[in-house]
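Here's data.txt, which has compact mmCIF, C-alpha atoms and all ligand atoms:
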# COMPACT_ATOMS: atom_id res chain seq x y z
CA MET C 1 85.05 47.02 45.69
CA LYS C 2 85.72 50.01 47.97
CA THR C 3 84.06 53.41 47.45
CA TYR C 4 86.30 56.40 48.08
CA LEU C 5 85.40 60.04 48.53
CA ILE C 6 88.55 61.87 47.57
CA THR C 7 88.53 65.61 48.16
CA GLY C 8 90.97 67.86 46.30
CA GLY C 9 91.52 65.08 43.78
CA ALA C 10 92.20 67.51 40.93
CA GLY C 11 95.33 68.83 42.64
CA PHE C 12 98.86 67.49 42.53
CA ILE C 13 98.85 64.66 45.09
CA GLY C 14 95.11 63.88 44.88
CA SER C 15 95.23 63.30 41.12
CA ASN C 16 98.31 61.09 41.50
CA PHE C 17 96.49 59.14 44.23
CA ILE C 18 93.38 58.58 42.09
CA GLN C 19 95.54 57.25 39.24
CA TYR C 20 97.51 55.14 41.71
CA LEU C 21 94.33 53.50 43.07
CA PHE C 22 92.88 52.69 39.66
CA LYS C 23 96.19 51.12 38.66
CA LYS C 24 96.86 49.23 41.87
CA TYR C 25 93.34 47.77 42.13
CA ASP C 26 93.02 47.15 38.40
CA LYS C 27 90.11 49.65 38.17
CA LYS C 28 88.16 47.77 40.86
CA VAL C 29 87.57 50.86 42.98
CA PHE C 30 84.76 53.42 42.91
CA ILE C 31 85.98 56.98 43.24
CA ILE C 32 84.11 60.24 43.79
CA ASN C 33 86.35 63.26 43.46
CA LEU C 34 85.04 66.40 45.17
CA ASP C 35 87.05 69.45 44.16
CA SER C 36 86.16 73.12 43.96
CA LEU C 37 88.76 73.70 41.21
CA THR C 38 90.70 76.56 42.74
CA TYR C 39 93.69 77.86 40.77
CA ALA C 40 95.46 74.62 41.84
CA GLY C 41 92.83 72.14 40.63
CA ASN C 42 93.27 70.91 37.09
CA LEU C 43 91.01 68.32 35.47
CA GLN C 44 93.64 67.76 32.80
CA ASN C 45 95.45 65.78 35.52
CA LEU C 46 92.64 63.22 35.38
CA GLU C 47 92.03 62.90 31.65
CA VAL C 48 92.93 59.19 31.70
CA VAL C 49 90.48 58.19 34.44
CA SER C 50 87.67 60.58 33.51
CA LYS C 51 86.37 58.01 31.00
CA TYR C 52 85.94 55.24 33.59
CA ASP C 53 82.36 54.43 34.71
CA ASN C 54 83.51 54.07 38.31
CA TYR C 55 84.98 57.59 38.48
CA HIS C 56 82.75 60.57 39.26
CA PHE C 57 83.75 64.21 39.47
CA VAL C 58 81.75 66.63 41.61
CA LYS C 59 82.65 70.30 41.44
CA GLY C 60 82.10 71.63 44.95
CA ASP C 61 83.61 73.07 48.09
CA ILE C 62 84.34 70.98 51.20
CA CYS C 63 82.99 73.93 53.22
CA ASP C 64 79.59 73.50 51.54
CA ARG C 65 77.62 71.09 53.73
CA GLU C 66 74.86 70.61 51.14
CA VAL C 67 77.27 69.43 48.45
CA VAL C 68 79.07 67.07 50.85
CA GLU C 69 75.73 65.70 52.11
CA SER C 70 74.48 65.13 48.57
CA ILE C 71 77.44 62.79 47.99
CA PHE C 72 76.78 60.79 51.16
CA LYS C 73 73.09 60.52 50.27
CA GLN C 74 73.96 59.13 46.86
CA TYR C 75 76.86 56.81 47.66
CA ASP C 76 77.80 54.40 50.45
CA ILE C 77 81.28 55.78 51.12
CA ASP C 78 83.87 53.44 52.71
CA TYR C 79 86.85 55.79 52.81
CA VAL C 80 87.15 59.57 52.88
CA ALA C 81 90.61 60.86 51.94
CA ASN C 82 90.89 64.59 52.49
CA PHE C 83 93.47 66.17 50.19
CA ALA C 84 91.51 69.41 49.67
CA ALA C 85 93.51 72.33 50.98
CA GLU C 86 95.16 75.59 50.23
CA SER C 87 98.68 74.25 50.06
CA HIS C 88 101.20 76.99 49.25
CA VAL C 89 103.11 78.64 52.11
CA ASP C 90 103.93 81.86 50.21
CA ARG C 91 100.26 82.44 49.37
CA SER C 92 99.34 81.90 53.03
CA ILE C 93 101.76 84.66 54.03
CA GLU C 94 100.06 87.02 51.56
CA ASP C 95 96.47 86.14 52.56
CA PRO C 96 95.80 83.68 55.40
CA SER C 97 91.99 83.87 55.38
CA ILE C 98 91.19 81.31 52.68
CA PHE C 99 93.64 78.93 54.40
CA VAL C 100 91.62 79.05 57.61
CA LYS C 101 88.37 78.60 55.68
CA THR C 102 89.37 75.51 53.70
CA ASN C 103 91.98 73.91 55.97
CA VAL C 104 90.08 74.34 59.25
CA LEU C 105 86.41 75.03 58.57
CA GLY C 106 86.31 72.74 55.54
CA VAL C 107 87.74 69.87 57.57
CA GLN C 108 85.10 70.39 60.24
CA VAL C 109 82.25 70.33 57.69
CA LEU C 110 83.69 67.19 56.16
CA LEU C 111 84.09 65.48 59.54
CA ASP C 112 80.62 66.44 60.68
CA THR C 113 78.87 65.27 57.53
CA THR C 114 80.87 62.05 57.40
CA LYS C 115 80.05 61.35 61.04
CA LYS C 116 76.32 61.84 60.40
CA TYR C 117 76.29 59.16 57.67
CA TRP C 118 78.71 56.70 59.28
CA ILE C 119 77.26 56.52 62.77
CA ASP C 120 74.48 54.17 63.77
CA GLY C 121 73.24 55.08 67.25
CA ASP C 122 76.50 55.62 69.13
CA ILE C 123 78.51 53.15 67.05
CA PHE C 124 80.38 53.80 63.82
CA ILE C 125 79.69 51.36 61.01
CA LYS C 126 82.61 48.88 60.69
CA GLY C 127 85.20 49.24 57.93
CA LYS C 128 84.90 53.01 57.45
CA LYS C 129 87.93 55.28 57.61
CA PHE C 130 88.54 59.04 57.38
CA LEU C 131 92.06 59.96 56.29
CA GLN C 132 93.38 63.47 56.91
CA VAL C 133 96.30 64.07 54.54
CA SER C 134 98.57 66.38 56.47
CA THR C 135 102.06 67.73 56.53
CA ASP C 136 105.33 67.65 58.49
CA GLU C 137 105.10 71.48 58.65
CA VAL C 138 102.77 71.17 61.67
CA TYR C 139 105.86 70.22 63.73
CA GLY C 140 107.65 73.49 62.95
CA SER C 141 111.36 73.60 62.23
CA LEU C 142 114.39 71.50 63.23
CA GLY C 143 117.94 72.51 64.09
CA GLU C 144 120.89 70.74 62.51
CA THR C 145 120.07 67.39 64.11
CA GLY C 146 117.01 65.33 65.05
CA TYR C 147 113.85 64.20 63.31
CA PHE C 148 110.10 64.79 63.55
CA THR C 149 108.35 61.83 65.16
CA GLU C 150 104.60 61.42 65.67
CA THR C 151 105.00 62.71 69.24
CA THR C 152 106.98 65.85 68.37
CA PRO C 153 105.02 68.82 69.79
CA LEU C 154 103.00 70.79 67.25
CA ASP C 155 104.68 74.16 66.57
CA PRO C 156 103.53 75.56 63.22
CA HIS C 157 104.99 78.86 61.99
CA SER C 158 103.25 79.86 58.76
CA PRO C 159 99.54 80.57 58.35
CA TYR C 160 99.46 77.49 56.09
CA SER C 161 100.94 75.15 58.67
CA ALA C 162 98.87 76.72 61.47
CA SER C 163 95.70 76.07 59.46
CA LYS C 164 96.73 72.46 58.75
CA THR C 165 97.42 72.03 62.47
CA GLY C 166 93.91 73.33 63.20
CA GLY C 167 92.44 70.77 60.79
CA ASP C 168 94.51 67.95 62.32
CA LEU C 169 93.40 68.86 65.83
CA LEU C 170 89.74 68.77 64.78
CA VAL C 171 90.28 65.30 63.33
CA LYS C 172 91.87 64.22 66.62
CA ALA C 173 88.98 65.78 68.55
CA TYR C 174 86.43 63.76 66.51
CA TYR C 175 88.32 60.62 67.48
CA ASP C 176 88.74 61.57 71.15
CA THR C 177 85.13 62.73 71.51
CA TYR C 178 83.07 60.47 69.23
CA LYS C 179 85.54 57.62 68.49
CA MET C 180 85.17 58.48 64.83
CA PRO C 181 87.39 56.16 62.71
CA VAL C 182 90.10 58.60 61.65
CA VAL C 183 93.79 58.43 60.76
CA ILE C 184 96.19 61.30 60.15
CA THR C 185 99.27 61.18 57.93
CA ARG C 186 102.01 63.79 57.96
CA CYS C 187 104.26 63.76 54.94
CA SER C 188 107.36 65.63 53.87
CA ASN C 189 107.80 67.57 50.59
CA ASN C 190 106.46 65.76 47.54
CA TYR C 191 107.62 66.07 43.93
CA GLY C 192 106.45 64.40 40.74
CA PRO C 193 104.08 64.83 37.78
CA TYR C 194 101.21 67.37 37.83
CA GLN C 195 102.80 69.63 40.44
CA PHE C 196 101.74 73.26 40.12
CA PRO C 197 104.70 75.47 39.10
CA GLU C 198 104.51 77.69 42.17
CA LYS C 199 106.36 75.06 44.23
CA LEU C 200 110.19 75.01 44.21
CA ILE C 201 110.95 72.06 41.89
CA PRO C 202 108.42 72.69 39.06
CA LEU C 203 109.09 76.44 39.30
CA VAL C 204 112.81 75.87 38.78
CA ILE C 205 112.17 73.46 35.88
CA HIS C 206 109.86 75.99 34.22
CA ASN C 207 112.22 78.91 34.74
CA CYS C 208 115.19 76.95 33.37
CA LEU C 209 113.20 75.99 30.26
CA SER C 210 112.13 79.61 29.73
CA GLY C 211 115.57 81.10 30.47
CA LYS C 212 114.27 82.95 33.53
CA ALA C 213 116.09 83.63 36.82
CA ILE C 214 115.78 80.99 39.57
CA PRO C 215 114.75 82.72 42.83
CA LEU C 216 116.44 81.15 45.85
CA TYR C 217 115.19 82.41 49.18
CA GLY C 218 117.71 83.56 51.82
CA ASP C 219 121.02 81.66 51.74
CA GLY C 220 119.52 78.72 49.81
CA LYS C 221 120.52 76.33 52.58
CA ASN C 222 117.10 75.51 54.06
CA ILE C 223 116.55 71.77 54.09
CA ARG C 224 113.54 69.76 52.94
CA ASP C 225 113.05 65.96 52.96
CA TRP C 226 111.89 65.04 49.42
CA LEU C 227 109.56 62.14 48.57
CA TYR C 228 108.42 61.08 45.11
CA VAL C 229 104.65 61.44 44.96
CA THR C 230 103.85 57.80 44.11
CA ASP C 231 105.69 56.73 47.28
CA HIS C 232 103.38 59.06 49.22
CA CYS C 233 100.40 57.46 47.40
CA SER C 234 101.49 53.93 48.35
CA ALA C 235 101.81 55.04 51.99
CA LEU C 236 98.31 56.56 51.99
CA ASP C 237 96.86 53.40 50.46
CA ILE C 238 98.51 51.25 53.15
CA VAL C 239 97.28 53.58 55.91
CA LEU C 240 93.71 53.36 54.58
CA GLU C 241 93.90 49.57 54.37
CA LYS C 242 95.89 48.74 57.49
CA GLY C 243 96.38 51.89 59.58
CA LYS C 244 95.17 51.76 63.15
CA ILE C 245 92.22 54.03 63.91
CA GLY C 246 93.10 57.13 65.93
CA GLU C 247 96.80 56.96 64.97
CA ILE C 248 99.15 59.40 63.28
CA TYR C 249 101.69 58.18 60.71
CA ASN C 250 104.67 60.23 59.54
CA ILE C 251 105.77 59.67 55.95
CA GLY C 252 109.16 60.76 54.64
CA GLY C 253 111.74 59.95 52.00
CA ASN C 254 114.89 60.09 54.13
CA ASN C 255 116.11 62.42 51.40
CA GLU C 256 117.27 65.61 53.04
CA LYS C 257 118.56 68.23 50.60
CA GLN C 258 119.46 71.90 50.85
CA ASN C 259 117.47 73.98 48.35
CA ILE C 260 120.67 74.91 46.50
CA GLU C 261 121.47 71.19 46.05
CA VAL C 262 117.96 70.61 44.63
CA VAL C 263 118.40 73.45 42.15
CA LYS C 264 121.82 72.19 41.04
CA THR C 265 120.38 68.68 40.55
CA ILE C 266 117.59 70.10 38.37
CA ILE C 267 120.08 72.04 36.25
CA SER C 268 122.35 69.03 35.71
CA THR C 269 119.43 66.66 35.05
CA LEU C 270 117.94 69.03 32.48
CA GLN C 271 121.34 69.33 30.81
CA ARG C 272 121.49 65.54 30.57
CA LEU C 273 117.92 64.95 29.38
CA LEU C 274 117.51 67.71 26.81
CA PRO C 275 118.52 66.63 23.28
CA SER C 276 121.86 68.09 22.11
CA ASP C 277 120.21 70.20 19.38
CA ASP C 278 117.71 71.81 21.78
CA PRO C 279 118.47 75.56 21.76
CA ARG C 280 117.52 75.90 25.46
CA LYS C 281 120.27 73.53 26.53
CA GLY C 282 123.10 76.08 26.34
CA LYS C 283 121.12 78.67 28.32
CA ILE C 284 120.53 76.47 31.36
CA SER C 285 123.27 77.05 33.89
CA LYS C 286 123.99 77.98 37.49
CA LYS C 287 124.13 81.61 36.30
CA LEU C 288 120.32 81.62 36.44
CA ILE C 289 120.42 81.24 40.24
CA THR C 290 119.44 84.52 41.92
CA TYR C 291 119.42 84.90 45.70
CA VAL C 292 116.32 86.84 46.78
CA GLU C 293 114.83 88.07 50.05
CA ASP C 294 114.05 85.25 52.46
CA ARG C 295 110.52 83.92 53.04
CA LYS C 296 109.05 85.41 56.23
CA GLY C 297 109.28 82.91 59.13
CA HIS C 298 111.12 80.49 56.82
CA ASP C 299 111.43 77.05 58.48
CA ARG C 300 115.08 75.98 58.40
CA ARG C 301 114.96 72.20 58.28
CA TYR C 302 112.38 69.43 57.97
CA ALA C 303 113.30 65.76 58.42
CA ILE C 304 110.88 62.93 59.02
CA ASP C 305 111.30 59.81 61.09
CA SER C 306 109.16 57.20 59.26
CA ILE C 307 110.01 54.24 61.50
CA LYS C 308 106.41 53.84 62.71
CA ILE C 309 104.80 53.38 59.28
CA LYS C 310 107.70 51.12 58.23
CA ASP C 311 107.58 48.91 61.33
CA HIS C 312 103.83 48.81 61.89
CA LEU C 313 102.52 48.80 58.30
CA GLY C 314 105.49 47.64 56.22
CA TRP C 315 105.69 50.73 54.00
CA VAL C 316 108.98 51.61 52.29
CA PRO C 317 109.76 54.35 49.75
CA THR C 318 110.99 52.94 46.45
CA ILE C 319 112.23 55.88 44.38
CA GLY C 320 115.56 57.58 45.14
CA PHE C 321 116.07 61.32 44.62
CA GLU C 322 118.19 61.22 41.43
CA GLU C 323 115.83 58.69 39.82
CA GLY C 324 112.74 60.60 40.91
CA MET C 325 114.11 63.88 39.65
CA ALA C 326 114.89 62.38 36.25
CA LYS C 327 111.35 60.90 36.06
CA LYS C 328 109.78 64.21 37.04
CA ILE C 329 111.83 66.29 34.61
CA GLN C 330 111.19 63.85 31.75
CA TRP C 331 107.44 64.12 32.50
CA TYR C 332 107.57 67.92 32.31
CA LEU C 333 109.54 67.72 29.03
CA ASP C 334 107.00 65.28 27.58
CA ASN C 335 104.05 67.37 28.79
CA ARG C 336 104.97 70.90 27.79
CA ASP C 337 101.31 71.63 26.93
CA TRP C 338 100.27 70.90 30.52
CA LEU C 339 102.83 73.38 31.84
CA GLU C 340 102.09 76.02 29.19
CA ASN C 341 98.33 75.80 29.85
CA ILE C 342 98.94 76.46 33.52
CA VAL C 343 101.41 79.24 33.05
CA SER C 344 99.18 80.97 30.49
CA GLY C 345 96.05 80.43 32.63
CA GLU C 346 94.43 78.64 29.67
CA TYR C 347 93.13 75.79 31.86
CA ALA C 348 91.26 78.26 34.08
CA VAL C 349 89.59 79.89 31.08
CA TYR C 350 88.41 76.43 29.97
CA TYR C 351 86.82 75.70 33.40
CA LYS C 352 84.98 78.99 33.41
CA LYS C 353 83.32 77.85 30.19
CA MET C 354 82.64 74.28 31.36
CA TYR C 355 81.60 74.62 35.00
P1 LIG C 401 97.30 71.26 45.58
O1 LIG C 401 97.27 72.70 45.94
O2 LIG C 401 98.03 70.83 44.37
O3 LIG C 401 95.80 70.72 45.41
C1 LIG C 401 94.78 71.08 46.28
C2 LIG C 401 93.47 70.67 45.62
O4 LIG C 401 92.40 70.98 46.54
C3 LIG C 401 93.15 71.44 44.34
O5 LIG C 401 92.66 70.55 43.36
C4 LIG C 401 92.08 72.44 44.75
O6 LIG C 401 91.20 72.79 43.70
C5 LIG C 401 91.36 71.66 45.85
N1 LIG C 401 90.68 72.53 46.83
C6 LIG C 401 91.18 73.61 47.45
N2 LIG C 401 90.26 74.16 48.27
C7 LIG C 401 89.15 73.37 48.16
C8 LIG C 401 87.87 73.39 48.78
N3 LIG C 401 87.54 74.33 49.67
N4 LIG C 401 86.97 72.41 48.46
C9 LIG C 401 87.29 71.45 47.56
N5 LIG C 401 88.49 71.39 46.93
C10 LIG C 401 89.41 72.34 47.25
O7 LIG C 401 97.82 70.51 46.87
P2 LIG C 401 98.74 69.21 46.99
O8 LIG C 401 100.16 69.62 46.93
O9 LIG C 401 98.23 68.18 46.07
O10 LIG C 401 98.43 68.79 48.51
C11 LIG C 401 97.33 67.94 48.81
C12 LIG C 401 97.25 67.74 50.31
O11 LIG C 401 98.47 67.16 50.77
C13 LIG C 401 97.09 69.04 51.10
O12 LIG C 401 96.21 68.80 52.15
C14 LIG C 401 98.48 69.33 51.63
O13 LIG C 401 98.42 70.03 52.86
C15 LIG C 401 99.03 67.93 51.81
N6 LIG C 401 100.49 67.80 51.68
C16 LIG C 401 101.14 68.29 50.59
C17 LIG C 401 102.51 68.09 50.46
C18 LIG C 401 103.28 68.59 49.25
O14 LIG C 401 104.50 68.51 49.24
N7 LIG C 401 102.63 69.11 48.22
C19 LIG C 401 103.20 67.39 51.46
C20 LIG C 401 102.50 66.92 52.57
C21 LIG C 401 101.14 67.11 52.66
O1 LIG C 402 106.75 69.79 53.91
C1 LIG C 402 105.54 69.58 53.27
C2 LIG C 402 105.10 70.86 52.58
O2 LIG C 402 105.94 71.05 51.46
C3 LIG C 402 103.64 70.83 52.18
O3 LIG C 402 102.83 70.74 53.30
C4 LIG C 402 103.27 72.09 51.38
O4 LIG C 402 101.93 71.99 50.90
C5 LIG C 402 104.22 72.19 50.20
O5 LIG C 402 103.96 73.40 49.50
C6 LIG C 402 105.67 72.18 50.66
O6 LIG C 402 105.99 73.39 51.39
P1 LIG C 402 107.40 74.14 51.22
O7 LIG C 402 107.24 75.54 51.63
O8 LIG C 402 108.49 73.36 51.85
O9 LIG C 402 107.57 73.99 49.61
P2 LIG C 402 108.02 75.05 48.49
O10 LIG C 402 108.16 74.28 47.22
O11 LIG C 402 107.17 76.27 48.49
O12 LIG C 402 109.47 75.49 48.98
C7 LIG C 402 110.50 74.52 49.18
C8 LIG C 402 111.73 75.26 49.68
O13 LIG C 402 112.23 76.09 48.62
C9 LIG C 402 111.46 76.21 50.84
O14 LIG C 402 112.59 76.20 51.70
C10 LIG C 402 111.33 77.57 50.18
C11 LIG C 402 112.26 77.48 49.00
N1 LIG C 402 111.89 78.25 47.79
C12 LIG C 402 110.63 78.09 47.30
C13 LIG C 402 110.23 78.77 46.17
C14 LIG C 402 108.81 78.61 45.62
C15 LIG C 402 112.82 79.06 47.16
O15 LIG C 402 113.99 79.18 47.60
N2 LIG C 402 112.43 79.71 46.03
C16 LIG C 402 111.17 79.62 45.50
O16 LIG C 402 110.87 80.28 44.48

Here is the file; what I need is its structure written in the form of structure tokens.
Ligand code: NAD
Ligand code: DAU
Amino acid sequence: MKTYLITGGAGFIGSNFIQYLFKKYDKKVFIINLDSLTYAGNLQNLEVVSKYDNYHFVKGDICDREVVESIFKQYDIDYVANFAAESHVDRSIEDPSIFVKTNVLGVQVLLDTTKKYWIDGDIFIKGKKFLQVSTDEVYGSLGETGYFTETTPLDPHSPYSASKTGGDLLVKAYYDTYKMPVVITRCSNNYGPYQFPEKLIPLVIHNCLSGKAIPLYGDGKNIRDWLYVTDHCSALDIVLEKGKIGEIYNIGGNNEKQNIEVVKTIISTLQRLLPSDDPRKGKISKKLITYVEDRKGHDRRYAIDSIKIKDHLGWVPTIGFEEGMAKKIQWYLDNRDWLENIVSGEYAVYYKKMY
């Protein structure tokens, strides 16, 4: 049974990954989730697994060496999977400083502490792996053609992507310098359950359900390559199990969409899924779309070439965009409390009391 240290496991992708692992390995995994519970961390995402004996939650910051050390002292960790990050581009434009702290400094603290407990003399103990969960945004922006490959030069534009690039380069440096057993993954835009409603898709779903305007930045024609979150989770699991140490793996859905297309798909899917007597149904229409000022430094197009992970590790995405969108929207309809708690800030009030 493998022991995982998952950081940022109370966020969107981390919580999906923890649930994925428990399901895939029939609960025969031991998971420690280290999360500082920023505005984006929500323990409600993990209600199902929180009862398991082999799941432990530690509230703490990846920048806090003492907390990270205390975990390594207590547990023999096989895999570290670093999801912890400030993840929202618009917030990074408003205030970059916390992005540098968590996404650069935090990664360094995590690497350094992990190295201390995994190295024996000059040699790393066999079977260990440090996974840095990163993003296609480190490659910058594409024109109308071409794809990001693992050798595309790094060219980040936002403070978020610059800070993720800094973290990635530290991970690479720990491999180049110490031969630390690391792997880096760079994934395209995820969507699925438990996604915080500051990101495009859950924001649009929420605004449609509340009859609010849908803000589309610029001309609405920027392109993102969408991947359903469980397909990202299966890729990360394969990389931990079979990925070659020191390598980078791109992960993408081959699902390029303009933002306007995404919004139209959400509107039509909501129309289809809402019951005919639901009073919100009639109010959801393209009339809600409102073009607003563009994001500063807005990357035009992302598109991932995933040939390497497919050819070398046998990973394939399984959920198409229309199917994934229907699954995601149905989840938000079935979990209105989750969304309302977030929007009202109720979940944060609860944590203040508990932690
Ligand atoms: P998220 O914002 O939903 O979750 C981040 C989690 O990290 C939260 O639970 C938060 O409390 C925690 N956290 C933040 N700072 C911390 C700190 N200093 N110490 C401990 N915990 C901290 O993010 P997400 O969308 O789930 O993204 C997870 C990772 O995947 C990030 O590293 C992100 O860069 C990467 N990624 C995201 C996407 C995407 O589309 N969302 C795509 C590719 C890569
Ligand atoms: O590509 C991977 C990245 O995808 C991850 O690394 C990031 O953590 C994640 O947040 C995401 O970044 P984006 O900036 O692409 O995602 P976001 O949902 O913020 O925006 C998607 C597109 O929609 C982008 O072109 C901006 C646009 N947008 C976004 C919002 C929130 C709008 O037009 N209106 C909006 O209100």

* If you count only C-alpha atoms and all ligand atoms, which residues end up within 7 Å of ligand LIG 401 (chain C), as a PyMOL selection string? -> chain C and resi 7-14+34-42+60-63+82-88+102+106+133-136+164+186-191+195-196

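Take the candidates C:Ile309, C:Met325, C:Val89, C:Ile319 and check each one against ligand LIG 402 (chain C) using all atoms listed in the file; the shortest distance goes to C:Val89.
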
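Those residues positioned at most 12 Å from (105.1, 69.9, 68.5) are Asp136, Glu137, Val138, Tyr139, Gly140, Ser141, Leu142, Tyr147, Phe148, Thr149, Glu150, Thr151, Thr152, Pro153, Leu154, Asp155, Pro156, His157, Ser161, Ala162 and Thr165 of chain C, judged using all atoms listed in the file.
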
* Which one is closest to Lys296 in chain C: C:Ser163, C:Asn103, C:Ser92, C:Thr230? Count only C-alpha atoms. ->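 That would be C:Ser92, the residue with the smallest distance to Lys296 in chain C.
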
* **Shortest interatomic distance to Asp26 in chain C - which of C:Leu216, C:Val182, C:Ile238, C:Met1, counting all atoms listed in the file** =>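 Comparing C:Leu216, C:Val182, C:Ile238, C:Met1 against Asp26 in chain C, the winner is C:Met1.
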
* Structure fact -> One decimal place gives the CA of Asp76 in chain C-CA of Tyr249 in chain C separation as 26.3 Å

* Could you jot down the CA of Gly218 in chain C to CA of Gly146 in chain C separation for me, Å, one decimal place? =>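 Atom-to-atom, CA of Gly218 in chain C and CA of Gly146 in chain C are spaced 22.5 Å apart.
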
* Asked: Near Lys129 in chain C, counting all atoms listed in the file, which residues have an atom at most 9 Å away, once you skip same-chain residues fewer than 4 positions from it, shown as a PyMOL selection string?
  -> chain C and resi 78-81+180-183+240-241+245

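Between CA of Leu236 in chain C and CA of Phe130 in chain C there is a distance of 11.4 Å.
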
Build an axis-aligned box that encloses every atom of ligand LIG 402 (chain C) listed in the file, pad it by 4 Å on each side, and report its centre and edge lengths in Å to one decimal, as AutoDock Vina command-line options.
--center_x 108.0 --center_y 74.9 --center_z 49.2 --size_x 20.1 --size_y 18.7 --size_z 17.4

* Asked: Hey, which of C:Leu209, C:Ile184, C:Ile125, C:Cys233 ends up closest to Tyr20 in chain C? Count all atoms listed in the file.
  -> C:Cys233

* For ligand LIG 402 (chain C), which of C:Asp120, C:Glu323, C:Asp90, C:Asp305 is the closest residue, counting all atoms listed in the file? -> C:Asp90

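With only C-alpha atoms and all ligand atoms as the atoms that count, the minimum distance from ligand LIG 402 (chain C) to the choices C:Gly253, C:Gly246, C:Gly121, C:Pro279 is reached by C:Gly253.
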